[in-house]
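The structure appears right after this line, and notes come after that.
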Number of protein chains: 2
Amino acid sequence: MNSSGFPDGEFEARCERAQIAMHEAKLDALFFTTEAEILYFAGFRTAFWLSPTRPWFLILPASGKPIAVIPAIGADLMAGTWIDDIRTWGSPHENDDGISLLASVLKNYSNIGMLKGRESGLRMPLADYETLLGKLLGTNFHNASSLVQSLRIVKSDAEIEKTTAICQIASASFANANQLFHVGQPLDQVFKAFKIELLKNGAEEVPYLVGGAGQGGYRDVISPPDKTPIQSGDILMLDTGATLEGYYCDFDRNFAFGSASDEALKTYDILYRATDAAINAARPGIKCSELCVIMQDIISQNSGDVGRLGHGLGIQLTEHPSLVSFDQTVMQAGMVMTIEPSMSMSDGLMMVHEENIVIMDGEASLLSERAPCELPIL
Amino acid sequence: MNSSGFPDGEFEARCERAQIAMHEAKLDALFFTTEAEILYFAGFRTAFWLSPTRPWFLILPASGKPIAVIPAIGADLMAGTWIDDIRTWGSPHENDDGISLLASVLKNYSNIGMLKGRESGLRMPLADYETLLGKLLGTNFHNASSLVQSLRIVKSDAEIEKTTAICQIASASFANANQLFHVGQPLDQVFKAFKIELLKNGAEEVPYLVGGAGQGGYRDVISPPDKTPIQSGDILMLDTGATLEGYYCDFDRNFAFGSASDEALKTYDILYRATDAAINAARPGIKCSELCVIMQDIISQNSGDVGRLGHGLGIQLTEHPSLVSFDQTVMQAGMVMTIEPSMSMSDGLMMVHEENIVIMDGEASLLSERAPCELPIL
């Protein structure tokens, strides 16, 4: 039972790359508490992360396989991964929810890297973390966020295959828009119809579906849907992060109903051209900040509240890096990115446009089927 | 635009209860970084939490409404809640992702409570948290996990209404098992069919669906499905956490295909009786630990790897308290609980059984439709 869908060699390669970087950074171990990293290095995949009750720990030493320190309820599932050294405790525990067991492993290392930087969090109780530090007074805990991001940013062929598959599923689902969406349909039913379509077309989960609809445009791109019916003259935007074996797509589509205003048509056209320009420029060697400038030159607006124009994509809906003016990350072959320009319109309305690509030697390859070059009218 | 589905009075009441408890605990403010608490006190609901890029902060002072310190991308959605004081910054930010803004609010308080205890995590970069502490050297950060849990543990009528509705949707979906599931169907298609059924019957999301199937029983209750077809003689278990406006159900059902072994029938019967006994005993005044003893006396096994026999339920799939021997939490009217005994069987197989109830003055009320008293055979 291996829940990751990858052969063991995938994880061996990931850990070897990490261990080379750890050697350079003089780290004896990496210590993780989070779903994405425990999936990435161990191949441990479960919806059980939704329960906040139990902490889960993974330690990657400077050589050899990772060590799992986990609640006993996960022992069988972890035994199906490539990990051999699995140490368990009965969780929840009255007064020691894995901390002594974790300390007994971590005490073997002097310089430990953990995620402390941008986009990270600590998935264990802060009080338990403080207790752990108290048990390991001689140990240095370094910020290894950059190190881990530099590994995860470049996807293997096997990873790109999964992202490609889920992008194709979402593209096929959007292609059925004229059967799925209609005037008079309440927005929450639009969302539901699209979720079911994604599942029917092969998505495993639809963890993320946001969007909006309104006369001539929408105001907000992170809201859950209400029951307002679609009206003629509305523009509908749906932005989905569906998954296949843990890998996300993340792109949106816009649809007008009945007719579209000149402003909407023009905004769509500008965003389309900005996206084209970024896709064309997204080649090894160019920086995130430079891709931003290319899009902003066409948009002729500052990036506003959304704050960025794209991001990495993989086992999380959004990953490092960000297409933002201060991000100097250089594109490399194997990076999977969203290109996501947005614009403000009159009356507080806005429009977003998004595609998913993989950076290749030469031209980038589209993973999402390119949106129509004119705003589609249903 | 209020994404919570509650009138403002619901949040006013929650904050008033919190402020009474804060007064007793001599806390000047509560400080939150997590989705559940920002939903609970502000009514801010969005799938955007899936993106780890941006931190979100909420501060509840000793009097008055909460203060939101959030990325500008969330300003519109937050403005639709009952919160008035919304302070935003453009995120992601090059070198100060909200920390100065957050510190400018928190510096007004000397004793701040935050979640540091069981079931909690820190949803902001640890390095930023360390920077924050450095900016607020005179401030005391206390562990307010127990305080917050004591509030959230008792649900309002409006909350119970939402949980009731999603439990009914899941019950109606399980009731269609004989149309949905059949011998020869790969397990991943069983999961997909059930997800679609839940959505069709009114669930908004299906964030959690786990289960297993195998000859005479299953081995593991947290795995994603593989493609193994259901065979005659299999027992299938599905455990779902579907949601409606942010409120979860969490219960499972077992189905045998073709026939069931004596051991499976007997195990099911024991678990059914243990669940009945716990439901019957679950009244105001009884402790979690005592409910455990009642179930364990019938099961005559220790609780094994699963570690507990039920838990709280609400805006998270699992909430405080736990039905475990060391949890002395006393049942109160308004608590929503899962009753979830499990047993080991021969050959490493296991069985789980789960219902959702709300504690009432007098007898508890079932939220899930009670499972059949004998293992159903499809």
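Chains: A, B, ... in order of the structure tokens. Residues: from 1 per chain. Ligands: from 1, in order shown.
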Fewer than 4 positions away in the same chain doesn't count, so skip those; otherwise give me all residues within 10 Å of His320 in chain B, counting only C-alpha atoms, as a PyMOL selection string.
(chain A and resi 52-53) or (chain B and resi 118-119+146+149-150+152-153+310-314+316+327+329+337)
For Leu39 in chain B, find every residue with an atom within 12 Å (counting only C-alpha atoms), except residues of its own chain fewer than 2 positions away, and show them as a VMD selection string.
chain B and resid 2 to 6 10 to 11 14 32 to 37 41 to 47 49 56 to 58 66 68 77 to 78 81 to 83 152 245 to 247 314 to 316
Write down as a PyMOL selection string the residues belonging to range 12-53 of chain B that are assigned strand (DSSP E) by DSSP computed on the backbone.
chain B and resi 29-32
Could you tell me, as number ranges by chain, which residues of range 85-328 of chain A DSSP assigns to helix (DSSP H, G or I) when given the backbone?
A: 99-106, 126-135, 145-152, 157-174, 177-180, 187-200, 262-281, 288-299, 304-306
If I take CA of Glu290 in chain B and CA of Glu161 in chain B, how far is one from the other in Å, to one decimal?
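Separation of CA of Glu290 in chain B and CA of Glu161 in chain B: 27.5 Å.
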I'd like the neighbourhood of Lys65 in chain B as a tab-separated table (two decimals) with N, CA and C atoms, in the first residue's frame, where a residue qualifies if any of its atoms comes within 9 Å (using only C-alpha atoms), though same-chain residues fewer than 2 positions away should be ignored.
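New file selection38.tsv:
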```
chain	number	residue	atom	x	y	z
B	12	GLU	N	-21.41	38.26	17.90
B	12	GLU	CA	-21.46	39.10	19.10
B	12	GLU	C	-21.51	38.21	20.35
B	15	CYS	N	-18.18	36.41	20.99
B	15	CYS	CA	-17.13	37.30	21.51
B	15	CYS	C	-17.43	37.72	22.94
B	42	ALA	N	-14.90	35.85	13.62
B	42	ALA	CA	-15.16	36.91	12.64
B	42	ALA	C	-16.21	36.51	11.60
B	59	ILE	N	-7.40	39.71	16.17
B	59	ILE	CA	-7.17	40.06	17.57
B	59	ILE	C	-8.51	40.38	18.21
B	60	LEU	N	-8.83	39.68	19.29
B	60	LEU	CA	-10.05	39.98	20.03
B	60	LEU	C	-9.66	40.69	21.33
B	61	PRO	N	-9.98	41.98	21.45
B	61	PRO	CA	-9.62	42.70	22.67
B	61	PRO	C	-10.61	42.37	23.81
B	63	SER	N	-12.68	44.15	25.25
B	63	SER	CA	-14.02	44.67	24.96
B	63	SER	C	-14.07	45.16	23.52
B	67	ILE	N	-10.39	42.80	15.78
B	67	ILE	CA	-9.64	43.59	14.80
B	67	ILE	C	-8.99	42.61	13.83
B	82	TRP	N	-19.07	40.99	10.30
B	82	TRP	CA	-19.49	42.00	11.29
B	82	TRP	C	-18.32	42.86	11.78
B	83	ILE	N	-17.10	42.55	11.32
B	83	ILE	CA	-15.91	43.27	11.77
B	83	ILE	C	-15.84	44.65	11.11
B	84	ASP	N	-15.50	45.67	11.89
B	84	ASP	CA	-15.35	47.03	11.35
B	84	ASP	C	-13.89	47.41	11.15
B	85	ASP	N	-13.05	46.99	12.08
B	85	ASP	CA	-11.66	47.45	12.08
B	85	ASP	C	-10.80	46.44	11.31
```
Between B:Ala144, B:Val358, B:Ile339, B:Ala177, smallest distance to Phe255 in chain B by only C-alpha atoms belongs to B:Ala177
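For the residues B:Ser104, B:Ser346, B:Thr318, B:Thr240, ranking by smallest atom-to-atom distance to chain A using only C-alpha atoms places B:Thr318 first.
Ranking A:Gly117, A:Gly98, A:Gly184, A:Pro7 by their shortest atom-to-atom distance to chain B, with only C-alpha atoms included, puts A:Gly117 first.
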Please provide the set of residues having any atom within 6 Å of Ser173 in chain A, restricted to only C-alpha atoms, with same-chain residues fewer than 3 positions apart removed, written as a list in words.
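Near Ser173 in chain A, the qualifying residues are Ala170, Asn176, Glu197 and Leu198 of chain A.
Compared by their closest atoms to chain A, and using only C-alpha atoms, the residues B:Gln296, B:Ser261, B:Asn201, B:Ser171 rank with B:Asn201 nearest.
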Please list as an MDAnalysis selection string every residue within 8 Å of range 19-28 of chain B, counting only C-alpha atoms and excluding residues in the same chain fewer than 3 positions away.
chainID B and resid 15:16 61:63 109:113 147
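Within 8 Å of Gly202 in chain A, once only C-alpha atoms are used and residues closer than 4 positions along the same chain are dropped, the contacting residues are Ile166, Ile169, Leu198 and Leu244 of chain A.
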Given the choices A:Gln301, A:Asn280, A:Ser289, A:Asn143, which gets closest to Leu126 in chain B if the distance is worked out from only C-alpha atoms?
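Distance minimum relative to Leu126 in chain B lands on A:Asn143.
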